[in-house]
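Student: What follows is start-v8.pdb, made up of PDB, C-alpha atoms:
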```pdb
ATOM      1  CA  MET A   1      18.808   6.127 -68.789
ATOM      2  CA  ILE A   2      21.342   3.312 -68.321
ATOM      3  CA  PHE A   3      24.024   5.913 -67.547
ATOM      4  CA  ILE A   4      21.815   7.510 -64.858
ATOM      5  CA  LYS A   5      21.167   4.085 -63.264
ATOM      6  CA  LYS A   6      24.904   3.402 -63.121
ATOM      7  CA  ILE A   7      25.522   6.735 -61.418
ATOM      8  CA  LEU A   8      22.732   6.096 -58.891
ATOM      9  CA  ASN A   9      24.081   2.621 -58.128
ATOM     10  CA  LYS A  10      27.553   4.053 -57.507
ATOM     11  CA  ILE A  11      26.065   6.647 -55.141
ATOM     12  CA  LYS A  12      24.134   3.935 -53.278
ATOM     13  CA  SER A  13      27.267   1.791 -53.081
ATOM     14  CA  LEU A  14      29.315   4.655 -51.656
ATOM     15  CA  TYR A  15      26.546   5.487 -49.192
ATOM     16  CA  LEU A  16      26.455   1.890 -47.929
ATOM     17  CA  ASP A  17      30.249   1.789 -47.552
ATOM     18  CA  ILE A  18      30.107   4.839 -45.321
ATOM     19  CA  TYR A  19      26.950   3.737 -43.498
ATOM     20  CA  PHE A  20      28.394   0.373 -42.442
ATOM     21  CA  ILE A  21      31.465   2.011 -40.948
ATOM     22  CA  PHE A  22      29.231   3.307 -38.161
ATOM     23  CA  ASN A  23      26.302   0.852 -38.166
ATOM     24  CA  ASP A  24      25.862  -2.929 -38.148
ATOM     25  CA  LYS A  25      22.510  -3.100 -39.958
ATOM     26  CA  ILE A  26      20.210  -1.085 -42.203
ATOM     27  CA  LEU A  27      16.431  -1.345 -42.600
ATOM     28  CA  PHE A  28      15.433  -2.076 -46.193
ATOM     29  CA  LYS A  29      12.030  -2.246 -47.895
ATOM     30  CA  ASP A  30      12.082  -4.282 -51.096
ATOM     31  CA  LYS A  31       9.947  -4.100 -54.240
ATOM     32  CA  TYR A  32       7.515  -6.659 -52.779
ATOM     33  CA  GLY A  33       6.858  -4.441 -49.765
ATOM     34  CA  LEU A  34       8.839  -6.679 -47.389
ATOM     35  CA  SER A  35      10.827  -4.903 -44.690
ATOM     36  CA  TYR A  36      13.954  -6.450 -43.188
ATOM     37  CA  TYR A  37      17.406  -5.594 -41.899
ATOM     38  CA  LEU A  38      20.455  -6.064 -44.094
ATOM     39  CA  TYR A  39      23.973  -6.520 -42.752
ATOM     40  CA  LYS A  40      27.386  -5.755 -44.180
ATOM     41  CA  ASN A  41      28.059  -9.433 -44.963
ATOM     42  CA  THR A  42      24.605 -10.140 -46.498
ATOM     43  CA  ARG A  43      25.345  -8.457 -49.862
ATOM     44  CA  PRO A  44      23.410  -5.223 -49.208
ATOM     45  CA  LYS A  45      24.766  -3.496 -52.322
ATOM     46  CA  ASP A  46      23.325  -6.145 -54.620
ATOM     47  CA  THR A  47      20.019  -6.028 -52.759
ATOM     48  CA  TYR A  48      19.736  -2.252 -53.137
ATOM     49  CA  LYS A  49      20.705  -2.507 -56.794
ATOM     50  CA  ILE A  50      18.082  -5.146 -57.673
ATOM     51  CA  GLY A  51      15.411  -4.020 -55.210
ATOM     52  CA  VAL A  52      15.083  -7.421 -53.556
ATOM     53  CA  ARG A  53      17.316  -9.972 -51.802
ATOM     54  CA  THR A  54      19.864 -11.150 -54.349
ATOM     55  CA  ASP A  55      18.639 -13.914 -56.702
ATOM     56  CA  ASP A  56      15.408 -14.515 -54.759
ATOM     57  CA  THR A  57      13.044 -12.860 -57.268
ATOM     58  CA  THR A  58      11.572 -15.935 -58.992
ATOM     59  CA  VAL A  59      11.303 -17.823 -55.710
ATOM     60  CA  LEU A  60       9.419 -14.946 -54.076
ATOM     61  CA  TYR A  61       7.166 -14.539 -57.103
ATOM     62  CA  THR A  62       6.291 -18.244 -57.144
ATOM     63  CA  ILE A  63       5.604 -18.453 -53.405
ATOM     64  CA  GLU A  64       3.373 -15.390 -53.488
ATOM     65  CA  LYS A  65       1.412 -16.677 -56.488
ATOM     66  CA  ILE A  66       0.791 -20.107 -54.931
ATOM     67  CA  LEU A  67      -0.139 -18.923 -51.447
ATOM     68  CA  LYS A  68      -2.375 -16.070 -52.593
ATOM     69  CA  SER A  69      -4.342 -18.315 -54.921
ATOM     70  CA  SER A  70      -7.635 -19.877 -53.859
ATOM     71  CA  ILE A  71      -6.268 -23.296 -54.838
ATOM     72  CA  SER A  72      -3.204 -23.107 -52.612
ATOM     73  CA  ASP A  73      -4.487 -25.455 -49.919
ATOM     74  CA  ASN A  74      -7.623 -27.466 -49.166
ATOM     75  CA  ASN A  75      -6.652 -28.286 -45.590
ATOM     76  CA  LYS A  76      -8.025 -26.634 -42.473
ATOM     77  CA  VAL A  77      -4.598 -25.308 -41.487
ATOM     78  CA  ILE A  78      -1.968 -24.068 -43.942
ATOM     79  CA  ASN A  79       1.590 -24.908 -42.897
ATOM     80  CA  CYS A  80       4.708 -23.645 -44.668
ATOM     81  CA  PHE A  81       8.304 -24.631 -43.895
ATOM     82  CA  ASP A  82      11.381 -22.474 -44.523
ATOM     83  CA  VAL A  83      14.424 -24.693 -43.998
ATOM     84  CA  GLY A  84      17.618 -22.663 -44.053
ATOM     85  CA  SER A  85      15.843 -19.374 -43.349
ATOM     86  CA  TYR A  86      18.996 -17.251 -43.204
ATOM     87  CA  ILE A  87      17.751 -13.701 -42.445
ATOM     88  CA  GLY A  88      14.110 -14.561 -43.140
ATOM     89  CA  VAL A  89      13.154 -13.033 -46.494
ATOM     90  CA  ILE A  90      11.354 -16.164 -47.707
ATOM     91  CA  THR A  91       9.578 -16.513 -44.357
ATOM     92  CA  LEU A  92       8.407 -12.899 -44.613
ATOM     93  CA  MET A  93       7.045 -13.487 -48.110
ATOM     94  CA  MET A  94       5.169 -16.586 -46.934
ATOM     95  CA  SER A  95       3.649 -14.506 -44.152
ATOM     96  CA  LYS A  96       2.730 -11.598 -46.447
ATOM     97  CA  SER A  97       1.048 -13.987 -48.886
ATOM     98  CA  LEU A  98      -1.029 -15.657 -46.172
ATOM     99  CA  GLN A  99      -2.085 -12.643 -44.112
ATOM    100  CA  LYS A 100      -5.445 -12.248 -45.857
ATOM    101  CA  ASN A 101      -6.185 -15.969 -45.906
ATOM    102  CA  LYS A 102      -9.289 -16.859 -43.908
ATOM    103  CA  LYS A 103      -7.846 -20.218 -42.875
ATOM    104  CA  LYS A 104      -5.494 -20.732 -39.965
ATOM    105  CA  TRP A 105      -1.872 -20.702 -41.017
ATOM    106  CA  LYS A 106       1.570 -21.207 -39.534
ATOM    107  CA  ILE A 107       5.104 -20.807 -40.843
ATOM    108  CA  HIS A 108       7.921 -22.920 -39.397
ATOM    109  CA  SER A 109      11.417 -21.530 -39.954
ATOM    110  CA  PHE A 110      14.681 -23.366 -39.328
ATOM    111  CA  GLU A 111      18.084 -21.674 -39.086
ATOM    112  CA  PRO A 112      21.044 -23.400 -37.377
ATOM    113  CA  SER A 113      23.593 -20.560 -37.251
ATOM    114  CA  LYS A 114      23.410 -18.590 -34.003
ATOM    115  CA  GLU A 115      24.244 -15.282 -35.690
ATOM    116  CA  SER A 116      21.851 -15.785 -38.614
ATOM    117  CA  TYR A 117      19.139 -16.951 -36.210
ATOM    118  CA  LEU A 118      19.410 -13.722 -34.199
ATOM    119  CA  ARG A 119      19.157 -11.741 -37.442
ATOM    120  CA  LEU A 120      16.192 -13.849 -38.511
ATOM    121  CA  LYS A 121      14.515 -13.138 -35.179
ATOM    122  CA  LYS A 122      15.064  -9.375 -35.579
ATOM    123  CA  ASN A 123      13.494  -9.415 -39.031
ATOM    124  CA  ILE A 124      10.503 -11.500 -37.984
ATOM    125  CA  GLU A 125       9.848  -9.065 -35.124
ATOM    126  CA  LEU A 126       9.109  -6.487 -37.854
ATOM    127  CA  ASP A 127       6.225  -8.627 -39.135
ATOM    128  CA  PRO A 128       2.807  -7.737 -37.626
ATOM    129  CA  PHE A 129       1.902 -11.454 -37.906
ATOM    130  CA  ALA A 130       5.031 -12.662 -36.097
ATOM    131  CA  THR A 131       2.938 -14.804 -33.726
ATOM    132  CA  ASN A 132       2.081 -17.003 -36.716
ATOM    133  CA  ILE A 133       5.762 -17.765 -37.260
ATOM    134  CA  LYS A 134       7.627 -20.392 -35.251
ATOM    135  CA  LEU A 135      11.393 -19.972 -35.248
ATOM    136  CA  ASN A 136      13.687 -22.956 -34.684
ATOM    137  CA  ASN A 137      17.407 -22.508 -34.018
ATOM    138  CA  VAL A 138      18.301 -25.965 -35.379
ATOM    139  CA  GLY A 139      19.635 -27.603 -38.524
ATOM    140  CA  VAL A 140      17.611 -30.134 -40.495
ATOM    141  CA  LEU A 141      18.860 -33.450 -41.898
ATOM    142  CA  ASP A 142      17.455 -36.976 -42.150
ATOM    143  CA  LYS A 143      18.409 -37.897 -38.565
ATOM    144  CA  ASP A 144      18.524 -36.150 -35.197
ATOM    145  CA  GLY A 145      21.844 -35.475 -33.556
ATOM    146  CA  ILE A 146      24.737 -33.062 -33.202
ATOM    147  CA  GLN A 147      26.578 -31.799 -36.280
ATOM    148  CA  ILE A 148      29.204 -29.251 -37.208
ATOM    149  CA  LEU A 149      28.087 -26.169 -39.128
ATOM    150  CA  LYS A 150      30.807 -24.664 -41.272
ATOM    151  CA  THR A 151      30.156 -20.948 -40.717
ATOM    152  CA  ASN A 152      31.507 -18.479 -43.256
ATOM    153  CA  LEU A 153      32.117 -15.177 -41.473
ATOM    154  CA  LYS A 154      32.370 -13.124 -44.678
ATOM    155  CA  ASN A 155      29.447 -14.780 -46.449
ATOM    156  CA  PRO A 156      27.056 -16.486 -43.983
ATOM    157  CA  GLY A 157      24.732 -17.323 -46.859
ATOM    158  CA  GLN A 158      27.189 -20.123 -47.658
ATOM    159  CA  ASN A 159      27.129 -21.759 -44.229
ATOM    160  CA  ASN A 160      26.848 -25.529 -44.580
ATOM    161  CA  LEU A 161      26.743 -28.687 -42.507
ATOM    162  CA  ILE A 162      29.799 -30.941 -42.456
ATOM    163  CA  SER A 163      30.620 -34.166 -40.635
ATOM    164  CA  SER A 164      34.380 -34.256 -41.197
ATOM    165  CA  VAL A 165      37.158 -33.166 -38.858
ATOM    166  CA  ILE A 166      36.867 -29.571 -37.677
ATOM    167  CA  GLN A 167      39.109 -27.315 -39.767
ATOM    168  CA  ASN A 168      39.306 -23.630 -38.901
ATOM    169  CA  ASN A 169      40.788 -20.856 -41.027
ATOM    170  CA  GLU A 170      40.623 -17.087 -41.104
ATOM    171  CA  ASP A 171      37.147 -16.843 -42.660
ATOM    172  CA  VAL A 172      35.490 -20.063 -41.503
ATOM    173  CA  ILE A 173      34.642 -21.281 -38.014
ATOM    174  CA  ASN A 174      33.027 -24.535 -36.951
ATOM    175  CA  GLU A 175      29.872 -24.273 -34.890
ATOM    176  CA  GLU A 176      28.363 -27.241 -33.055
ATOM    177  CA  ILE A 177      24.614 -27.357 -33.616
ATOM    178  CA  ARG A 178      21.614 -29.589 -32.994
ATOM    179  CA  VAL A 179      19.932 -31.151 -36.028
ATOM    180  CA  ILE A 180      16.454 -32.665 -36.339
ATOM    181  CA  ASN A 181      14.416 -34.450 -39.010
ATOM    182  CA  LEU A 182      11.139 -33.124 -40.404
ATOM    183  CA  ARG A 183       9.135 -36.301 -39.834
ATOM    184  CA  ASP A 184       9.600 -36.128 -36.069
ATOM    185  CA  TYR A 185       9.025 -32.369 -36.108
ATOM    186  CA  MET A 186       5.704 -32.819 -37.899
ATOM    187  CA  ASP A 187       4.633 -35.527 -35.467
ATOM    188  CA  GLN A 188       5.581 -33.448 -32.417
ATOM    189  CA  ASN A 189       3.722 -30.393 -33.742
ATOM    190  CA  GLU A 190       0.714 -32.385 -35.029
ATOM    191  CA  ILE A 191       1.233 -31.216 -38.609
ATOM    192  CA  ASN A 192      -0.585 -33.312 -41.198
ATOM    193  CA  SER A 193       0.317 -31.422 -44.363
ATOM    194  CA  ILE A 194       2.680 -28.783 -45.742
ATOM    195  CA  SER A 195       1.746 -26.381 -48.508
ATOM    196  CA  ILE A 196       5.246 -25.149 -49.410
ATOM    197  CA  CYS A 197       8.516 -26.513 -48.064
ATOM    198  CA  LYS A 198      11.392 -24.321 -49.157
ATOM    199  CA  VAL A 199      14.827 -25.828 -48.540
ATOM    200  CA  ASP A 200      18.180 -24.068 -48.967
ATOM    201  CA  THR A 201      20.879 -25.865 -46.991
ATOM    202  CA  GLU A 202      23.899 -25.485 -49.285
ATOM    203  CA  GLY A 203      24.242 -29.057 -50.506
ATOM    204  CA  THR A 204      22.194 -31.179 -48.096
ATOM    205  CA  ASP A 205      18.689 -30.528 -49.484
ATOM    206  CA  ASN A 206      18.343 -34.228 -50.408
ATOM    207  CA  LEU A 207      18.941 -35.263 -46.777
ATOM    208  CA  VAL A 208      16.309 -32.786 -45.568
ATOM    209  CA  ILE A 209      13.783 -34.305 -47.988
ATOM    210  CA  LYS A 210      14.827 -37.836 -47.096
ATOM    211  CA  GLY A 211      14.055 -37.032 -43.458
ATOM    212  CA  LEU A 212      10.344 -36.755 -44.249
ATOM    213  CA  TYR A 213      10.150 -40.555 -44.678
ATOM    214  CA  GLN A 214       6.519 -41.661 -45.124
ATOM    215  CA  HIS A 215       5.339 -38.078 -45.561
ATOM    216  CA  LEU A 216       7.314 -37.955 -48.799
ATOM    217  CA  LYS A 217       5.730 -41.161 -50.110
ATOM    218  CA  ASN A 218       2.273 -39.895 -49.163
ATOM    219  CA  ASN A 219       2.870 -36.560 -50.930
ATOM    220  CA  THR A 220       2.078 -34.711 -47.713
ATOM    221  CA  VAL A 221       4.036 -31.739 -49.090
ATOM    222  CA  ASP A 222       2.323 -29.928 -51.978
ATOM    223  CA  TYR A 223       5.374 -28.049 -53.220
ATOM    224  CA  PHE A 224       9.117 -28.227 -52.565
ATOM    225  CA  ILE A 225      11.258 -25.244 -53.520
ATOM    226  CA  LEU A 226      14.881 -26.368 -53.544
ATOM    227  CA  GLU A 227      18.352 -25.188 -54.426
ATOM    228  CA  TYR A 228      19.985 -26.653 -57.523
ATOM    229  CA  GLU A 229      23.348 -28.259 -56.758
ATOM    230  CA  GLU A 230      24.880 -30.001 -59.760
ATOM    231  CA  LEU A 231      26.762 -32.637 -57.749
ATOM    232  CA  SER A 232      23.768 -33.771 -55.676
ATOM    233  CA  PHE A 233      21.015 -33.038 -58.201
ATOM    234  CA  GLU A 234      20.537 -36.565 -59.573
ATOM    235  CA  ASN A 235      20.036 -38.014 -56.078
ATOM    236  CA  LEU A 236      17.572 -35.261 -55.250
ATOM    237  CA  LYS A 237      15.716 -35.646 -58.544
ATOM    238  CA  ASN A 238      15.435 -39.426 -58.163
ATOM    239  CA  LEU A 239      14.187 -39.081 -54.595
ATOM    240  CA  LEU A 240      11.418 -36.725 -55.711
ATOM    241  CA  THR A 241      10.348 -38.344 -58.982
ATOM    242  CA  ILE A 242      10.198 -41.858 -57.525
ATOM    243  CA  ASN A 243       7.597 -40.437 -55.112
ATOM    244  CA  GLY A 244       5.513 -38.898 -57.891
ATOM    245  CA  TYR A 245       6.754 -35.297 -57.881
ATOM    246  CA  SER A 246       7.225 -33.336 -61.121
ATOM    247  CA  ILE A 247      10.132 -30.926 -61.364
ATOM    248  CA  TYR A 248      10.177 -27.471 -62.920
ATOM    249  CA  TYR A 249      13.224 -25.219 -63.133
ATOM    250  CA  MET A 250      13.050 -21.600 -61.988
ATOM    251  CA  VAL A 251      14.753 -19.110 -64.299
ATOM    252  CA  ARG A 252      16.704 -16.875 -61.984
ATOM    253  CA  ASN A 253      15.202 -13.413 -61.386
ATOM    254  CA  GLU A 254      12.904 -13.651 -64.446
ATOM    255  CA  ASN A 255       9.672 -15.111 -62.992
ATOM    256  CA  ILE A 256       9.789 -17.961 -65.514
ATOM    257  CA  LEU A 257       9.497 -21.727 -64.997
ATOM    258  CA  VAL A 258      10.616 -24.355 -67.521
ATOM    259  CA  SER A 259       9.954 -28.094 -67.547
ATOM    260  CA  SER A 260      13.438 -29.229 -68.552
ATOM    261  CA  LEU A 261      17.017 -28.014 -68.415
ATOM    262  CA  SER A 262      17.097 -27.950 -72.213
ATOM    263  CA  ASN A 263      14.370 -25.254 -72.103
ATOM    264  CA  TYR A 264      16.367 -23.080 -69.698
ATOM    265  CA  PRO A 265      17.093 -19.779 -71.528
ATOM    266  CA  LYS A 266      20.743 -19.583 -72.542
ATOM    267  CA  HIS A 267      20.844 -15.803 -72.061
ATOM    268  CA  SER A 268      19.729 -16.068 -68.408
ATOM    269  CA  LYS A 269      21.814 -16.385 -65.274
ATOM    270  CA  SER A 270      22.645 -19.958 -64.296
ATOM    271  CA  LEU A 271      20.041 -22.188 -62.633
ATOM    272  CA  LEU A 272      19.724 -21.722 -58.872
ATOM    273  CA  ASN A 273      16.315 -23.092 -57.808
ATOM    274  CA  LEU A 274      13.712 -25.650 -58.777
ATOM    275  CA  ILE A 275      10.165 -26.475 -57.703
ATOM    276  CA  ALA A 276       8.832 -30.004 -57.210
ATOM    277  CA  VAL A 277       5.056 -30.383 -57.501
ATOM    278  CA  SER A 278       2.949 -33.096 -55.873
ATOM    279  CA  PRO A 279       0.807 -35.148 -58.298
ATOM    280  CA  TYR A 280      -2.229 -33.934 -56.329
ATOM    281  CA  ARG A 281      -1.356 -30.334 -57.216
ATOM    282  CA  MET A 282      -0.278 -30.665 -60.849
ATOM    283  CA  LYS A 283      -3.614 -29.668 -62.368
ATOM    284  CA  ASP A 284      -3.898 -26.625 -60.108
ATOM    285  CA  PHE A 285      -0.259 -25.743 -60.707
ATOM    286  CA  LYS A 286      -0.587 -25.749 -64.500
ATOM    287  CA  LEU A 287      -3.734 -23.636 -64.351
ATOM    288  CA  LEU A 288      -2.229 -21.179 -61.909
ATOM    289  CA  PHE A 289       0.908 -20.570 -63.956
ATOM    290  CA  LYS A 290      -0.812 -20.963 -67.351
ATOM    291  CA  LEU A 291       1.718 -23.543 -68.496
ATOM    292  CA  ASP A 292       1.577 -24.284 -72.219
ATOM    293  CA  GLN A 293       2.700 -27.366 -74.150
ATOM    294  CA  ILE A 294       6.388 -26.718 -73.518
ATOM    295  CA  ASN A 295       5.697 -25.641 -69.948
ATOM    296  CA  ILE A 296       7.015 -22.111 -70.120
ATOM    297  CA  ILE A 297       5.317 -19.272 -68.254
TER     298      ILE A 297
END
```
Translate the structure of the given file into structure tokens.

Tutor:
Amino acid sequence: MIFIKKILNKIKSLYLDIYFIFNDKILFKDKYGLSYYLYKNTRPKDTYKIGVRTDDTTVLYTIEKILKSSISDNNKVINCFDVGSYIGVITLMMSKSLQKNKKKWKIHSFEPSKESYLRLKKNIELDPFATNIKLNNVGVLDKDGIQILKTNLKNPGQNNLISSVIQNNEDVINEEIRVINLRDYMDQNEINSISICKVDTEGTDNLVIKGLYQHLKNNTVDYFILEYEELSFENLKNLLTINGYSIYYMVRNENILVSSLSNYPKHSKSLLNLIAVSPYRMKDFKLLFKLDQINII
């Protein structure tokens, strides 16, 4: 069985190599039923091999479980934020999970890269509920302004914001972009609460969160789903815990959450994402995921 899978993966890999000689994108339907275009530099081989966008499995599982549950939101309007949307897979899962909800809902997606934004737009156009999704071609930090986005041509999933002197090389270009903060965005769009705020900005997640200001102190956001960066983690953790949030670590691609790094399975791939839960949602969260005494699903 393992041998057959290896052969099939090699055939798929060869097919994609040939396909992308003549085409710039391919339509893919993943194991969650989400349809979206993949591009040569968005790791299509890994996506076909796993059946879903690389390393997103536990994040998608968690988002779907929260948003489909009856306890996901008590507010009149459900708002979800996808900061660092890339090609839009997380946005599409948020939409899929909310489509049968009787309440009004809106997803706000933020992607600063011009190329990734155009790809995001193409993928959202495939969603029958695209009118419920607001796309923003901007970066997000703690202050408004103009910044430089370090754009990786070979791997745009690693694009990141920098403020140092522009340095170009063969694979990286510097793109001038507009950045905003979430507090002002919420005020301008009359948003009073956020159910899930997913943030993946390659090292500046803490600045995105900081930009919520009073909303963070008031626990306006029920859940944050964030990227784990070892160098900036302590700052991010302190910012969240001082405002009452509890942190759980998402075991990559295994649909498992653990309450501490010491509980993270040693056999699993390294930590990539975490979820921060508002104190107002902790009871619901534990019931929903059936967390036991050591907080393992």

Student: What do you get, as a ChimeraX atom specification, if you spell out every residue that the PyMOL selection byres ((chain A and resi 210) around 10) selects here?

Tutor: /A:141-143,181-183,204-209,211-216,236,239-240

Student: Would you mind listing what lies within 10 Å of Lys31 in chain A as a list of chain:residue names, with only C-alpha atoms counted and same-chain residues fewer than 3 positions away left out?

Tutor: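 Counting only the stated atoms, we get A:Phe28, A:Leu34, A:Ser35, A:Ile50, A:Gly51, A:Val52, A:Arg53, A:Thr57.
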
Student: Could you take the residues named above and write them with C-alpha atoms, as a PDB file, in the frame of the given file?

Tutor:
```pdb
ATOM      1  CA  PHE A  28      15.433  -2.076 -46.193  1.00  0.00           C
ATOM      2  CA  LEU A  34       8.839  -6.679 -47.389  1.00  0.00           C
ATOM      3  CA  SER A  35      10.827  -4.903 -44.690  1.00  0.00           C
ATOM      4  CA  ILE A  50      18.082  -5.146 -57.673  1.00  0.00           C
ATOM      5  CA  GLY A  51      15.411  -4.020 -55.210  1.00  0.00           C
ATOM      6  CA  VAL A  52      15.083  -7.421 -53.556  1.00  0.00           C
ATOM      7  CA  ARG A  53      17.316  -9.972 -51.802  1.00  0.00           C
ATOM      8  CA  THR A  57      13.044 -12.860 -57.268  1.00  0.00           C
TER       9      THR A  57
END
```

Student: Which residues are close to Thr91 in chain A, i.e. within 8 Å by all atoms listed in the file, leaving aside same-chain residues fewer than 5 positions away? Reply as number ranges by chain.

Tutor: A: 82, 85, 107, 109

Student: Using all atoms listed in the file, can you tell me which of A:Thr151, A:Ser278, A:Asn79, A:Asn255 comes closest to Lys65 in chain A?

Tutor: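 Looking only at the distances to Lys65 in chain A, the closest residue turns out to be A:Asn255.
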
Student: Mind listing as a list of chain:residue names all residues within 10 Å of (8.5, -40.3, -58.2), counting all atoms listed in the file?

Tutor: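 Within the cut-off we find A:Leu216, A:Lys217, A:Asn219, A:Lys237, A:Asn238, A:Leu239, A:Leu240, A:Thr241, A:Ile242, A:Asn243, A:Gly244, A:Tyr245, A:Ser246, A:Ser278, A:Pro279.
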
Student: Could you take the residues named above and write them with C-alpha atoms, as a compact mmCIF listing (two decimals), in the frame of the given file?

Tutor:
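As a result, part34.txt now contains:
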```txt
# COMPACT_ATOMS: atom_id res chain seq x y z
CA LEU A 216 7.31 -37.96 -48.80
CA LYS A 217 5.73 -41.16 -50.11
CA ASN A 219 2.87 -36.56 -50.93
CA LYS A 237 15.72 -35.65 -58.54
CA ASN A 238 15.44 -39.43 -58.16
CA LEU A 239 14.19 -39.08 -54.60
CA LEU A 240 11.42 -36.72 -55.71
CA THR A 241 10.35 -38.34 -58.98
CA ILE A 242 10.20 -41.86 -57.52
CA ASN A 243 7.60 -40.44 -55.11
CA GLY A 244 5.51 -38.90 -57.89
CA TYR A 245 6.75 -35.30 -57.88
CA SER A 246 7.22 -33.34 -61.12
CA SER A 278 2.95 -33.10 -55.87
CA PRO A 279 0.81 -35.15 -58.30
```

Student: Which residue is closest to Met93 in chain A? Choose from A:Trp105, A:Tyr37, A:Tyr32, A:Phe129 and count all atoms listed in the file.

Tutor: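 Using all atoms listed in the file, the shortest distance to Met93 in chain A belongs to A:Tyr32.
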
Student: Interatomic distance between CA of Asn189 in chain A and CA of Tyr223 in chain A?

Tutor: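 So the answer is 19.7 Å.
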
Student: Tell me which protein, DNA and RNA residues are within 7 Å of Leu153 in chain A, counting all atoms listed in the file, leaving out same-chain ones fewer than 3 positions away, and put them as a list in words.

Tutor: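 Here the answer would be Pro156, Asp171 and Val172 of chain A.
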
Student: Pick out the residues sitting within 10 Å of Thr131 in chain A, and hand them over as a PyMOL selection string; count only C-alpha atoms, and ignore anything fewer than 5 positions along from it in its own chain.

Tutor: chain A and resi 106-107+124-125

Student: Check the smallest atom-to-atom distance from each of A:Ile194, A:Ile225, A:Leu287, A:Leu126 to Ile78 in chain A using only C-alpha atoms, then report the winner.

Tutor: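 Ranking A:Ile194, A:Ile225, A:Leu287, A:Leu126 by distance to Ile78 in chain A, first place goes to A:Ile194.
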
Student: Mind pulling up the distance from CA of Asn253 in chain A to CA of Ser268 in chain A?

Tutor: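 It comes out at 8.8 Å.
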
Student: Go ahead and compute the interatomic distance for CA of Tyr280 in chain A and CA of Gly88 in chain A, in Å to one decimal.

Tutor: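 So the two atoms, CA of Tyr280 in chain A and CA of Gly88 in chain A, lie 28.6 Å apart.
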
Student: For the file shown, what are the residues hit by the PyMOL selection byres ((chain A and resi 14-21) around 12), laid out as a list in words?

Tutor: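 Selected by the PyMOL selection byres ((chain A and resi 14-21) around 12) in this file: Ile7, Leu8, Asn9, Lys10, Ile11, Lys12, Ser13, Phe22, Asn23, Asp24, Lys25, Ile26, Leu27, Phe28, Leu38, Tyr39, Lys40, Asn41, Thr42, Arg43, Pro44, Lys45, Asp46, Thr47, Tyr48 and Lys49 of chain A.
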